[in-house]
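Inspection log for the structure reproduced underneath, given as structure tokens.
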Amino acid sequence: MKRAPAPAAAKPLARLGLRSRFDFVLHLPLRYEDETALCDPASAPPGKPVLVEARVERSEIAFRPRRQLVVHARSGGEPLTLRFFNFYPSQLKQFGRAADDGLLVRAYGEVRSGWFGAEMAHPRYRLVREGEPLAQALTPIYPTTAGLAQAQLRRLVLEALDADALDDTLPEASLARLGLWGFAESVRYLHRPPADADLAALAERTHPAWQRMKLDELLAQQLSMRLAYRARRERAAPPLPGDGALLRRFLGALPFRLTGAQARAMAEILRDLAQPHPMQRLLQGDVGSGKTILAAIACLAAADAGWQAAVMAPTEILAEQHYRKFAAWLAPLGARIAWLHGALSRGERKAALDAAAGGAAAIVVGTHALFQQEVAFKQLGLAVVDEQHRFGVQQRLLLRRKGEEAAARRRVVPHQLMMSATPIPRTLSMSYYADLDVSVLDELPPGRRPVATRLVSSARRREVLDRIRAACAEGQQAYWVCPVIEESPELDLQAALATHAELAAELPGLRVGLVHGRMPAEEKAAAMQAFASGATQLLVSTTVIEVGVDVPNASLMVIEHAERFGLAQLHQLRGRVGRGARDSVCILLYQQPLSAAARARLKVIFESADGFEIARQDLLLRGPGEYLGERQSGAPLLRFADLERDEPLIRAAREMAEELLAREPERARRHMERWLAGRQDYLRV
Ligand code: ADP
Ligand code: MG
């Protein structure tokens, strides 16, 4: 830009992410004010801001009811009073001179009728000579931040807009085909709409100028995803053919048949692993669809080819469960498995790390936290990330960077298999996850009975206890989940402890266990083990059991204060039961009164057992930012496009991205630079 912003504005501008010319050009107005026509103060509509013009007669500082600058003016023969409660002494002088010179004041704001005629309180104003032309365009109001005045920001944006020609990054043929406006035309319209613009269409962002902006934004995201995808395809990974003895023996000895969906996903995974390029595949399947076995299959393909595999889970409990399962499945085949966890003694830890570094361990299982500390491998060929959805944008970004750093250092990079039980709604998988290949398990293993869901007011807790007693008497097992109290992990813990004590007292003769996040790792492991083996019948827990825990004999789940849980969490928790042959029940205990949002969530979880539908509703109720963990990162994801409403544009952007990359890579590059400069990372986590 020609004129550098005042140094004092540098910080607020950086906060708004405004650096390059196009950052300013693409800083679009939030709304507009109409200063294109004058309104007679006497007939101004109530509650609606208007532009009025009046001749300044005199001004003074008044002290009642509080200190204020009062300007007396006259418009069309009628008095108009302007009041300013915050003002500079220079303003008094300014109005004094205006009265002497016969200037007019043009004020924008609401007009009210006061004791002495029409009044305006702290209007935005300008002093003008008679006959000065009115604005031709609506006045844009921009999102701004402390330390940056609206007028200053507006000047910078409009200067950037007018600085130079605005070329179009999209080919004309595509614009014509999609009926889209040109780029220059669109941004000019949005920064300076004509007086007769359709304000509703602008506010709802359905106006063609907005459609074009949204398409451009989505296209930039798609391009960056496709490029990330291609870059990965150019890296080298060890080919893992998947035809070795370990895998063959494992499949031969499976106690069940793979479902059709599992067989399909296996074929997709093995096909990717056989390639000399890193797989980046998301295995998406509802709770209980049988993802773990596919992780084991992939690990064995690595082991067969003489490469190591790392299996990462988000919690210690889940990591342990994976370790036990993998050990039971794979140890008989002679594959050595190391388990890294918080309760290892120094010696044990060293032995596990040595087994990873020396290559003695074919498979290493642990939490992400453990892997983020230094775990060296002799030759890592595959990384499996379970419950990938548990990680916020920031963490995913970190994992990706780590992977890329590693790739820069080494010749080959490991294949990656990510697993997620929270299905990703289609619009999300078309946008934020567009750089992944996806396998879907859309079928549950046979013999599963749907879990019956009951909504029960906490006033009927006694009946719930009776139900637990009866179920346990028949040899079944039950979970009792206490809510997490976010503001206070201490209270949270106390609630779990108190509930445990209460239930133990109320259910004499029942063996009641307890597990919570703040237990030392060994105690946690022991508590889970006791429940898995049937030694305890009722397990009181916090949400530490939310993901992955698999105890098929448990057929009853009680979730206390279900109204405090999120939808994905409720679905995950409910997925802990219904894993055996017996009919299972999930009781959602709620406390009256319910907020509207809590009621909406409970209704969704009550009515639907389908993870995809629940995820879709969740996205609708919460919006994608929160859904994707935006709040943790603080960074904006998409600024203009709305995933639900703009699905057709996402589709168009996807097609256009392919086409541009194939035919006009230079345009694609310029488009990304214009839209992404500096925020690339965030658009593709
Ligand atoms: P999730 O997809 O939630 O991770 P798991 O991998 O934990 O599901 O599998 C849930 C349960 O289903 C486990 O007990 C697992 O052994 C069992 N299972 C997996 N695949 C099959 C199958 N094809 N037939 C029968 N049971 C299966
Ligand atoms: Mg799982």
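In the structure tokens, chains take letters A, B, ... by order of appearance, with residues numbered from 1 within each chain and ligands from 1 in the order shown.
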Test item: residues lying within 7 Å of ligand 1 with only C-alpha atoms and all ligand atoms, as a ChimeraX atom specification: /A:256-259,285-293,421,445-446,548,550,552,579
Kindly work out which residues sit at most 12 Å from ligand 2, using only C-alpha atoms and all ligand atoms, and give the list as a compact mmCIF listing (two decimals) with all heavy atoms, in the first residue's frame.
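The result, written out as result-v7.txt:
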```
# COMPACT_ATOMS: atom_id res chain seq x y z
N LEU A 283 -10.15 -43.49 9.45
CA LEU A 283 -11.12 -44.59 9.54
C LEU A 283 -12.22 -44.10 10.46
O LEU A 283 -12.01 -43.85 11.64
CB LEU A 283 -10.45 -45.84 10.11
CG LEU A 283 -11.39 -47.02 10.38
CD1 LEU A 283 -12.07 -47.48 9.11
CD2 LEU A 283 -10.61 -48.16 11.01
N GLN A 284 -13.38 -43.96 9.86
CA GLN A 284 -14.46 -43.34 10.58
C GLN A 284 -15.54 -44.38 10.79
O GLN A 284 -15.99 -45.01 9.83
CB GLN A 284 -14.95 -42.21 9.70
CG GLN A 284 -15.83 -41.23 10.33
CD GLN A 284 -16.24 -40.21 9.29
OE1 GLN A 284 -15.42 -39.53 8.68
NE2 GLN A 284 -17.52 -40.14 9.05
N GLY A 285 -15.92 -44.59 12.02
CA GLY A 285 -16.97 -45.58 12.26
C GLY A 285 -17.58 -45.33 13.62
O GLY A 285 -16.88 -44.98 14.57
N ASP A 286 -18.85 -45.51 13.69
CA ASP A 286 -19.57 -45.24 14.91
C ASP A 286 -19.00 -46.09 16.06
O ASP A 286 -18.30 -47.07 15.84
CB ASP A 286 -21.05 -45.58 14.68
CG ASP A 286 -21.93 -44.70 15.54
OD1 ASP A 286 -21.43 -44.10 16.50
OD2 ASP A 286 -23.14 -44.61 15.23
N VAL A 287 -19.36 -45.68 17.27
CA VAL A 287 -18.93 -46.43 18.45
C VAL A 287 -19.30 -47.90 18.28
O VAL A 287 -20.42 -48.21 17.91
CB VAL A 287 -19.68 -45.93 19.69
CG1 VAL A 287 -18.77 -45.91 20.88
CG2 VAL A 287 -20.32 -44.61 19.45
N GLY A 288 -18.33 -48.78 18.54
CA GLY A 288 -18.63 -50.21 18.50
C GLY A 288 -18.61 -50.83 17.12
O GLY A 288 -18.93 -51.99 16.96
N SER A 289 -18.21 -50.06 16.11
CA SER A 289 -18.23 -50.61 14.76
C SER A 289 -17.02 -51.52 14.50
O SER A 289 -16.94 -52.14 13.45
CB SER A 289 -18.29 -49.49 13.72
OG SER A 289 -17.21 -48.61 13.89
N GLY A 290 -16.09 -51.58 15.45
CA GLY A 290 -14.98 -52.52 15.31
C GLY A 290 -13.77 -51.95 14.61
O GLY A 290 -13.22 -52.55 13.69
N LYS A 291 -13.30 -50.79 15.09
CA LYS A 291 -12.14 -50.15 14.45
C LYS A 291 -10.82 -50.75 14.94
O LYS A 291 -9.84 -50.81 14.20
CB LYS A 291 -12.16 -48.64 14.73
CG LYS A 291 -13.34 -47.93 14.10
CD LYS A 291 -13.33 -46.44 14.35
CE LYS A 291 -13.61 -46.07 15.78
NZ LYS A 291 -14.97 -46.37 16.23
N THR A 292 -10.83 -51.22 16.21
CA THR A 292 -9.57 -51.66 16.80
C THR A 292 -8.91 -52.77 16.00
O THR A 292 -7.69 -52.80 15.82
CB THR A 292 -9.82 -52.14 18.24
OG1 THR A 292 -10.75 -51.26 18.86
CG2 THR A 292 -8.54 -52.14 19.04
N ILE A 293 -9.74 -53.67 15.52
CA ILE A 293 -9.20 -54.82 14.81
C ILE A 293 -8.48 -54.36 13.53
O ILE A 293 -7.46 -54.92 13.13
CB ILE A 293 -10.35 -55.80 14.47
CG1 ILE A 293 -9.80 -57.20 14.23
CG2 ILE A 293 -11.16 -55.37 13.30
CD1 ILE A 293 -10.04 -58.07 15.41
N LEU A 294 -8.98 -53.29 12.94
CA LEU A 294 -8.34 -52.77 11.74
C LEU A 294 -6.99 -52.14 12.07
O LEU A 294 -6.04 -52.23 11.28
CB LEU A 294 -9.26 -51.78 11.03
CG LEU A 294 -10.44 -52.51 10.38
CD1 LEU A 294 -11.59 -51.58 10.10
CD2 LEU A 294 -9.99 -53.21 9.11
N ALA A 295 -6.92 -51.53 13.25
CA ALA A 295 -5.63 -51.00 13.69
C ALA A 295 -4.64 -52.15 13.82
O ALA A 295 -3.49 -52.06 13.39
CB ALA A 295 -5.79 -50.26 15.01
N ALA A 296 -5.11 -53.25 14.41
CA ALA A 296 -4.23 -54.41 14.60
C ALA A 296 -3.77 -54.95 13.25
O ALA A 296 -2.60 -55.30 13.07
CB ALA A 296 -4.96 -55.48 15.40
N VAL A 311 0.91 -46.98 18.38
CA VAL A 311 -0.53 -46.84 18.55
C VAL A 311 -0.78 -45.83 19.66
O VAL A 311 -0.35 -46.03 20.79
CB VAL A 311 -1.18 -48.20 18.90
CG1 VAL A 311 -2.69 -48.03 19.10
CG2 VAL A 311 -0.90 -49.22 17.81
N MET A 312 -1.45 -44.74 19.33
CA MET A 312 -1.66 -43.67 20.30
C MET A 312 -3.13 -43.51 20.65
O MET A 312 -3.98 -43.48 19.76
CB MET A 312 -1.17 -42.35 19.73
CG MET A 312 0.32 -42.32 19.54
SD MET A 312 0.80 -40.82 18.68
CE MET A 312 1.18 -41.49 17.09
N ALA A 313 -3.40 -43.38 21.93
CA ALA A 313 -4.78 -43.20 22.39
C ALA A 313 -4.84 -41.94 23.24
O ALA A 313 -3.83 -41.53 23.80
CB ALA A 313 -5.20 -44.41 23.21
N PRO A 314 -6.00 -41.33 23.35
CA PRO A 314 -6.08 -40.06 24.08
C PRO A 314 -6.06 -40.21 25.61
O PRO A 314 -5.78 -39.24 26.29
CB PRO A 314 -7.39 -39.44 23.62
CG PRO A 314 -8.21 -40.59 23.16
CD PRO A 314 -7.26 -41.64 22.67
N THR A 315 -6.37 -41.38 26.13
CA THR A 315 -6.35 -41.52 27.59
C THR A 315 -5.54 -42.75 27.97
O THR A 315 -5.37 -43.68 27.19
CB THR A 315 -7.77 -41.72 28.16
OG1 THR A 315 -8.30 -42.96 27.66
CG2 THR A 315 -8.71 -40.59 27.78
N ILE A 317 -6.43 -44.96 30.11
CA ILE A 317 -7.31 -46.12 30.20
C ILE A 317 -7.45 -46.79 28.85
O ILE A 317 -7.36 -48.01 28.72
CB ILE A 317 -8.70 -45.69 30.73
CG1 ILE A 317 -8.60 -45.36 32.21
CG2 ILE A 317 -9.74 -46.77 30.47
CD1 ILE A 317 -9.91 -44.97 32.85
N LEU A 318 -7.63 -45.98 27.84
CA LEU A 318 -7.80 -46.53 26.51
C LEU A 318 -6.49 -47.14 26.00
O LEU A 318 -6.50 -48.20 25.37
CB LEU A 318 -8.28 -45.43 25.57
CG LEU A 318 -8.76 -45.90 24.20
CD1 LEU A 318 -9.74 -47.04 24.33
CD2 LEU A 318 -9.39 -44.74 23.46
N ALA A 319 -5.39 -46.48 26.29
CA ALA A 319 -4.09 -47.02 25.86
C ALA A 319 -3.89 -48.39 26.50
O ALA A 319 -3.44 -49.34 25.84
CB ALA A 319 -2.96 -46.07 26.25
N GLN A 321 -6.19 -50.46 27.51
CA GLN A 321 -7.09 -51.43 26.92
C GLN A 321 -6.57 -51.90 25.56
O GLN A 321 -6.60 -53.09 25.26
CB GLN A 321 -8.45 -50.77 26.76
CG GLN A 321 -9.49 -51.72 26.26
CD GLN A 321 -10.81 -51.00 26.12
OE1 GLN A 321 -11.50 -50.76 27.09
NE2 GLN A 321 -11.12 -50.62 24.90
N HIS A 322 -6.04 -50.96 24.79
CA HIS A 322 -5.45 -51.35 23.51
C HIS A 322 -4.28 -52.30 23.73
O HIS A 322 -4.12 -53.29 23.04
CB HIS A 322 -4.95 -50.13 22.75
CG HIS A 322 -6.03 -49.38 22.04
ND1 HIS A 322 -7.21 -49.97 21.66
CD2 HIS A 322 -6.13 -48.09 21.64
CE1 HIS A 322 -7.97 -49.08 21.06
NE2 HIS A 322 -7.34 -47.93 21.04
N LYS A 325 -5.57 -55.73 24.56
CA LYS A 325 -6.15 -56.40 23.39
C LYS A 325 -5.08 -56.83 22.42
O LYS A 325 -5.06 -57.97 21.95
CB LYS A 325 -7.09 -55.44 22.66
CG LYS A 325 -8.50 -55.53 23.15
CD LYS A 325 -9.44 -54.94 22.11
CE LYS A 325 -10.85 -55.04 22.66
NZ LYS A 325 -11.76 -54.12 22.03
N VAL A 384 -0.70 -45.10 14.35
CA VAL A 384 -2.16 -45.18 14.45
C VAL A 384 -2.59 -44.20 15.53
O VAL A 384 -2.06 -44.21 16.63
CB VAL A 384 -2.61 -46.61 14.84
CG1 VAL A 384 -4.12 -46.67 14.99
CG2 VAL A 384 -2.12 -47.63 13.82
N VAL A 385 -3.53 -43.33 15.19
CA VAL A 385 -4.03 -42.35 16.16
C VAL A 385 -5.49 -42.69 16.43
O VAL A 385 -6.33 -42.54 15.54
CB VAL A 385 -3.93 -40.92 15.60
CG1 VAL A 385 -4.43 -39.91 16.62
CG2 VAL A 385 -2.51 -40.61 15.20
N ASP A 386 -5.79 -43.16 17.62
CA ASP A 386 -7.17 -43.53 17.92
C ASP A 386 -7.93 -42.32 18.45
O ASP A 386 -7.35 -41.44 19.07
CB ASP A 386 -7.21 -44.67 18.94
CG ASP A 386 -8.59 -45.35 18.98
OD1 ASP A 386 -9.41 -45.08 18.07
OD2 ASP A 386 -8.85 -46.12 19.91
N GLU A 387 -9.22 -42.31 18.23
CA GLU A 387 -10.10 -41.25 18.73
C GLU A 387 -9.54 -39.87 18.36
O GLU A 387 -9.43 -38.98 19.17
CB GLU A 387 -10.27 -41.37 20.25
CG GLU A 387 -10.67 -42.75 20.72
CD GLU A 387 -12.09 -43.15 20.31
OE1 GLU A 387 -12.82 -42.29 19.79
OE2 GLU A 387 -12.44 -44.32 20.52
N GLN A 388 -9.24 -39.75 17.10
CA GLN A 388 -8.60 -38.56 16.58
C GLN A 388 -9.43 -37.30 16.86
O GLN A 388 -8.91 -36.23 17.06
CB GLN A 388 -8.39 -38.76 15.08
CG GLN A 388 -7.69 -37.64 14.35
CD GLN A 388 -8.68 -36.76 13.61
OE1 GLN A 388 -9.89 -36.92 13.77
NE2 GLN A 388 -8.18 -35.83 12.86
N HIS A 389 -10.75 -37.46 16.90
CA HIS A 389 -11.63 -36.30 17.07
C HIS A 389 -11.49 -35.64 18.44
O HIS A 389 -12.01 -34.57 18.67
CB HIS A 389 -13.08 -36.74 16.89
CG HIS A 389 -13.49 -37.73 17.94
ND1 HIS A 389 -13.17 -39.06 17.83
CD2 HIS A 389 -14.15 -37.57 19.10
CE1 HIS A 389 -13.65 -39.69 18.89
NE2 HIS A 389 -14.24 -38.81 19.67
N MET A 418 -5.73 -42.74 11.12
CA MET A 418 -6.44 -42.07 12.20
C MET A 418 -7.81 -42.70 12.35
O MET A 418 -8.43 -43.04 11.35
CB MET A 418 -6.59 -40.59 11.88
CG MET A 418 -5.30 -39.85 12.09
SD MET A 418 -5.18 -38.42 11.05
CE MET A 418 -4.81 -39.16 9.50
N MET A 419 -8.25 -42.84 13.58
CA MET A 419 -9.56 -43.45 13.77
C MET A 419 -10.43 -42.49 14.55
O MET A 419 -9.97 -41.83 15.48
CB MET A 419 -9.39 -44.76 14.54
CG MET A 419 -8.35 -45.67 13.87
SD MET A 419 -8.51 -47.38 14.33
CE MET A 419 -7.93 -47.35 16.01
N SER A 420 -11.67 -42.42 14.17
CA SER A 420 -12.56 -41.50 14.87
C SER A 420 -13.94 -42.11 15.00
O SER A 420 -14.48 -42.66 14.05
CB SER A 420 -12.65 -40.19 14.10
OG SER A 420 -13.66 -39.40 14.68
N ALA A 421 -14.48 -42.01 16.20
CA ALA A 421 -15.81 -42.55 16.43
C ALA A 421 -16.86 -41.47 16.32
O ALA A 421 -18.04 -41.74 16.28
CB ALA A 421 -15.90 -43.19 17.80
N THR A 422 -16.43 -40.21 16.31
CA THR A 422 -17.41 -39.16 16.12
C THR A 422 -17.45 -38.91 14.63
O THR A 422 -16.53 -38.37 14.07
CB THR A 422 -17.01 -37.87 16.84
OG1 THR A 422 -16.99 -38.15 18.23
CG2 THR A 422 -18.01 -36.78 16.58
N ILE A 545 -14.11 -42.77 31.14
CA ILE A 545 -14.46 -43.96 30.37
C ILE A 545 -15.13 -43.61 29.06
O ILE A 545 -15.59 -44.47 28.34
CB ILE A 545 -15.39 -44.92 31.16
CG1 ILE A 545 -16.68 -44.18 31.52
CG2 ILE A 545 -14.70 -45.48 32.37
CD1 ILE A 545 -17.88 -45.09 31.43
N GLU A 546 -15.16 -42.31 28.76
CA GLU A 546 -15.92 -41.87 27.59
C GLU A 546 -15.55 -42.59 26.31
O GLU A 546 -16.40 -43.03 25.56
CB GLU A 546 -15.73 -40.37 27.40
CG GLU A 546 -16.39 -39.82 26.17
CD GLU A 546 -16.08 -38.35 25.98
OE1 GLU A 546 -15.72 -37.69 26.97
OE2 GLU A 546 -16.18 -37.86 24.85
N VAL A 547 -14.27 -42.67 26.02
CA VAL A 547 -13.91 -43.23 24.72
C VAL A 547 -13.33 -44.63 24.82
O VAL A 547 -12.56 -44.94 25.70
CB VAL A 547 -12.91 -42.33 23.97
CG1 VAL A 547 -13.58 -41.07 23.52
CG2 VAL A 547 -11.70 -42.05 24.82
N GLY A 548 -13.75 -45.43 23.87
CA GLY A 548 -13.06 -46.69 23.62
C GLY A 548 -13.25 -47.84 24.58
O GLY A 548 -13.05 -48.97 24.19
N VAL A 549 -13.62 -47.56 25.84
CA VAL A 549 -13.65 -48.65 26.81
C VAL A 549 -14.63 -49.73 26.36
O VAL A 549 -15.75 -49.46 25.96
CB VAL A 549 -14.02 -48.11 28.21
CG1 VAL A 549 -14.31 -49.25 29.17
CG2 VAL A 549 -12.90 -47.24 28.73
N ASP A 550 -14.18 -50.97 26.43
CA ASP A 550 -14.94 -52.07 25.86
C ASP A 550 -15.09 -53.20 26.88
O ASP A 550 -14.19 -54.01 27.05
CB ASP A 550 -14.21 -52.56 24.60
CG ASP A 550 -14.98 -53.65 23.86
OD1 ASP A 550 -16.23 -53.62 23.89
OD2 ASP A 550 -14.34 -54.54 23.29
N VAL A 551 -16.20 -53.23 27.60
CA VAL A 551 -16.49 -54.31 28.54
C VAL A 551 -17.86 -54.87 28.15
O VAL A 551 -18.89 -54.36 28.57
CB VAL A 551 -16.51 -53.82 30.01
CG1 VAL A 551 -16.83 -54.96 30.97
CG2 VAL A 551 -15.17 -53.19 30.38
N GLN A 572 -20.94 -41.15 22.87
CA GLN A 572 -19.78 -41.99 23.19
C GLN A 572 -20.03 -42.80 24.45
O GLN A 572 -19.73 -43.99 24.50
CB GLN A 572 -18.55 -41.11 23.43
CG GLN A 572 -17.98 -40.49 22.18
CD GLN A 572 -17.14 -41.49 21.42
OE1 GLN A 572 -16.69 -42.49 21.97
NE2 GLN A 572 -16.95 -41.23 20.15
N GLY A 575 -22.29 -45.56 24.00
CA GLY A 575 -21.65 -46.61 23.22
C GLY A 575 -20.85 -47.59 24.07
O GLY A 575 -20.38 -48.61 23.56
N ARG A 576 -20.67 -47.32 25.35
CA ARG A 576 -19.98 -48.27 26.24
C ARG A 576 -20.85 -49.49 26.51
O ARG A 576 -20.35 -50.51 26.97
CB ARG A 576 -19.60 -47.65 27.59
CG ARG A 576 -18.65 -46.48 27.57
CD ARG A 576 -17.42 -46.74 26.79
NE ARG A 576 -17.38 -45.86 25.64
CZ ARG A 576 -16.94 -46.21 24.45
NH1 ARG A 576 -16.51 -47.42 24.22
NH2 ARG A 576 -16.94 -45.35 23.47
N ARG A 579 -22.66 -53.80 23.88
CA ARG A 579 -21.54 -54.47 23.21
C ARG A 579 -21.61 -55.98 23.36
O ARG A 579 -20.82 -56.69 22.77
CB ARG A 579 -20.22 -53.95 23.79
CG ARG A 579 -20.07 -52.49 23.50
CD ARG A 579 -18.82 -51.88 24.08
NE ARG A 579 -18.59 -50.66 23.35
CZ ARG A 579 -17.56 -50.43 22.55
NH1 ARG A 579 -16.63 -51.32 22.41
NH2 ARG A 579 -17.47 -49.30 21.89
```
Those of region 430-533 of chain A in DSSP helix (DSSP H, G or I), formatted as a PyMOL selection string: chain A and resi 430-431+458-473+489-506+521-532
Distance in Å - CA of Pro45 (chain A) versus CA of Phe116 (chain A): 18.1 Å
Within 12 Å of region 171-186 of chain A using only C-alpha atoms, minus same-chain residues under 2 positions, as a ChimeraX atom specification: /A:22,25-26,28,161-162,164-169,188-193,202,207-217,648-649,651-653,655-657,659-660,663-668,671,674
Those selected residues, please, written with N, CA and C atoms and delivered as a short mmCIF file (atom, residue, chain, number, x, y, z; two decimals), in the first residue's frame.
```
data_model
loop_
_atom_site.label_atom_id
_atom_site.label_comp_id
_atom_site.auth_asym_id
_atom_site.auth_seq_id
_atom_site.Cartn_x
_atom_site.Cartn_y
_atom_site.Cartn_z
N PHE A 22 -4.26 -7.40 0.15
CA PHE A 22 -5.50 -8.16 0.05
C PHE A 22 -6.10 -8.50 1.40
N VAL A 25 -8.30 -5.57 1.55
CA VAL A 25 -9.39 -5.66 0.57
C VAL A 25 -10.43 -6.69 1.02
N LEU A 26 -9.95 -7.75 1.65
CA LEU A 26 -10.87 -8.83 2.06
C LEU A 26 -11.38 -8.66 3.49
N LEU A 28 -14.06 -7.42 5.11
CA LEU A 28 -15.35 -6.97 4.59
C LEU A 28 -16.23 -6.39 5.69
N LEU A 161 -8.39 -0.85 -1.48
CA LEU A 161 -9.33 -1.23 -2.54
C LEU A 161 -9.02 -0.47 -3.83
N ASP A 162 -8.69 0.83 -3.68
CA ASP A 162 -8.51 1.68 -4.85
C ASP A 162 -7.07 1.75 -5.33
N ASP A 164 -4.92 -0.14 -6.77
CA ASP A 164 -4.45 -0.71 -8.02
C ASP A 164 -5.59 -1.49 -8.65
N ALA A 165 -5.34 -1.96 -9.85
CA ALA A 165 -6.36 -2.80 -10.46
C ALA A 165 -6.55 -4.07 -9.63
N LEU A 166 -7.74 -4.65 -9.69
CA LEU A 166 -8.02 -5.89 -8.96
C LEU A 166 -8.26 -6.97 -9.99
N ASP A 167 -7.26 -7.80 -10.19
CA ASP A 167 -7.45 -8.83 -11.21
C ASP A 167 -8.23 -10.00 -10.64
N ASP A 168 -8.79 -10.77 -11.53
CA ASP A 168 -9.58 -11.92 -11.09
C ASP A 168 -8.72 -13.16 -11.12
N THR A 169 -8.75 -13.94 -10.03
CA THR A 169 -7.94 -15.16 -10.03
C THR A 169 -8.69 -16.32 -10.68
N ARG A 188 -15.79 -4.37 -4.67
CA ARG A 188 -16.18 -2.95 -4.74
C ARG A 188 -17.61 -2.79 -4.25
N TYR A 189 -18.46 -3.72 -4.64
CA TYR A 189 -19.86 -3.64 -4.22
C TYR A 189 -19.96 -3.76 -2.71
N LEU A 190 -19.21 -4.70 -2.14
CA LEU A 190 -19.34 -4.93 -0.70
C LEU A 190 -18.78 -3.78 0.13
N HIS A 191 -17.72 -3.14 -0.38
CA HIS A 191 -17.16 -2.02 0.38
C HIS A 191 -17.95 -0.73 0.16
N ARG A 192 -18.58 -0.63 -1.00
CA ARG A 192 -19.34 0.60 -1.30
C ARG A 192 -20.64 0.27 -2.01
N PRO A 193 -21.59 -0.32 -1.32
CA PRO A 193 -22.83 -0.66 -2.01
C PRO A 193 -23.58 0.60 -2.42
N LEU A 202 -27.48 -8.43 1.72
CA LEU A 202 -26.11 -8.19 2.18
C LEU A 202 -25.94 -8.72 3.61
N HIS A 207 -26.29 -12.25 -1.07
CA HIS A 207 -26.08 -11.40 -2.23
C HIS A 207 -24.99 -12.01 -3.13
N PRO A 208 -25.13 -11.87 -4.46
CA PRO A 208 -24.10 -12.45 -5.36
C PRO A 208 -22.68 -12.02 -5.02
N ALA A 209 -22.51 -10.80 -4.54
CA ALA A 209 -21.16 -10.35 -4.19
C ALA A 209 -20.61 -11.20 -3.03
N TRP A 210 -21.49 -11.51 -2.08
CA TRP A 210 -21.07 -12.36 -0.96
C TRP A 210 -20.84 -13.79 -1.42
N GLN A 211 -21.69 -14.27 -2.32
CA GLN A 211 -21.52 -15.64 -2.82
C GLN A 211 -20.12 -15.79 -3.42
N ARG A 212 -19.72 -14.77 -4.16
CA ARG A 212 -18.41 -14.84 -4.79
C ARG A 212 -17.30 -14.89 -3.73
N MET A 213 -17.43 -14.07 -2.67
CA MET A 213 -16.42 -14.07 -1.62
C MET A 213 -16.33 -15.43 -0.95
N LYS A 214 -17.50 -16.01 -0.69
CA LYS A 214 -17.52 -17.30 -0.01
C LYS A 214 -16.91 -18.38 -0.89
N LEU A 215 -17.25 -18.33 -2.16
CA LEU A 215 -16.67 -19.34 -3.06
C LEU A 215 -15.15 -19.19 -3.06
N ASP A 216 -14.67 -17.95 -3.13
CA ASP A 216 -13.22 -17.74 -3.15
C ASP A 216 -12.57 -18.28 -1.88
N GLU A 217 -13.20 -18.02 -0.77
CA GLU A 217 -12.63 -18.49 0.49
C GLU A 217 -12.59 -20.02 0.54
N PRO A 648 -23.64 -26.11 -1.35
CA PRO A 648 -23.45 -26.11 -2.81
C PRO A 648 -22.15 -25.40 -3.22
N LEU A 649 -21.79 -24.35 -2.48
CA LEU A 649 -20.55 -23.64 -2.81
C LEU A 649 -19.34 -24.51 -2.50
N ARG A 651 -19.19 -27.68 -2.78
CA ARG A 651 -19.07 -28.59 -3.93
C ARG A 651 -18.42 -27.90 -5.12
N ALA A 652 -18.91 -26.69 -5.42
CA ALA A 652 -18.37 -25.96 -6.57
C ALA A 652 -16.88 -25.70 -6.35
N ALA A 653 -16.51 -25.34 -5.12
CA ALA A 653 -15.11 -25.03 -4.84
C ALA A 653 -14.23 -26.26 -5.01
N GLU A 655 -14.73 -28.82 -7.03
CA GLU A 655 -14.52 -29.10 -8.45
C GLU A 655 -13.55 -28.09 -9.07
N MET A 656 -13.74 -26.85 -8.69
CA MET A 656 -12.91 -25.82 -9.28
C MET A 656 -11.46 -26.00 -8.87
N ALA A 657 -11.23 -26.44 -7.63
CA ALA A 657 -9.86 -26.63 -7.16
C ALA A 657 -9.15 -27.66 -8.02
N GLU A 659 -9.82 -28.51 -11.03
CA GLU A 659 -9.66 -28.00 -12.38
C GLU A 659 -8.51 -27.00 -12.46
N LEU A 660 -8.45 -26.09 -11.51
CA LEU A 660 -7.40 -25.08 -11.54
C LEU A 660 -6.03 -25.71 -11.39
N ARG A 663 -5.20 -27.39 -14.69
CA ARG A 663 -5.04 -26.61 -15.91
C ARG A 663 -4.31 -25.30 -15.72
N GLU A 664 -4.52 -24.65 -14.57
CA GLU A 664 -3.94 -23.32 -14.42
C GLU A 664 -3.31 -23.15 -13.04
N PRO A 665 -2.24 -23.87 -12.79
CA PRO A 665 -1.63 -23.85 -11.45
C PRO A 665 -1.20 -22.44 -11.02
N GLU A 666 -0.87 -21.60 -11.98
CA GLU A 666 -0.42 -20.26 -11.62
C GLU A 666 -1.57 -19.45 -11.00
N ARG A 667 -2.73 -19.58 -11.59
CA ARG A 667 -3.91 -18.93 -11.00
C ARG A 667 -4.16 -19.46 -9.60
N ALA A 668 -4.05 -20.77 -9.47
CA ALA A 668 -4.30 -21.40 -8.17
C ALA A 668 -3.36 -20.81 -7.13
N HIS A 671 -4.37 -17.30 -6.24
CA HIS A 671 -5.60 -17.30 -5.45
C HIS A 671 -5.29 -17.60 -3.98
N ARG A 674 -3.55 -14.71 -2.25
CA ARG A 674 -4.47 -13.62 -1.96
C ARG A 674 -5.29 -13.94 -0.70
#
```
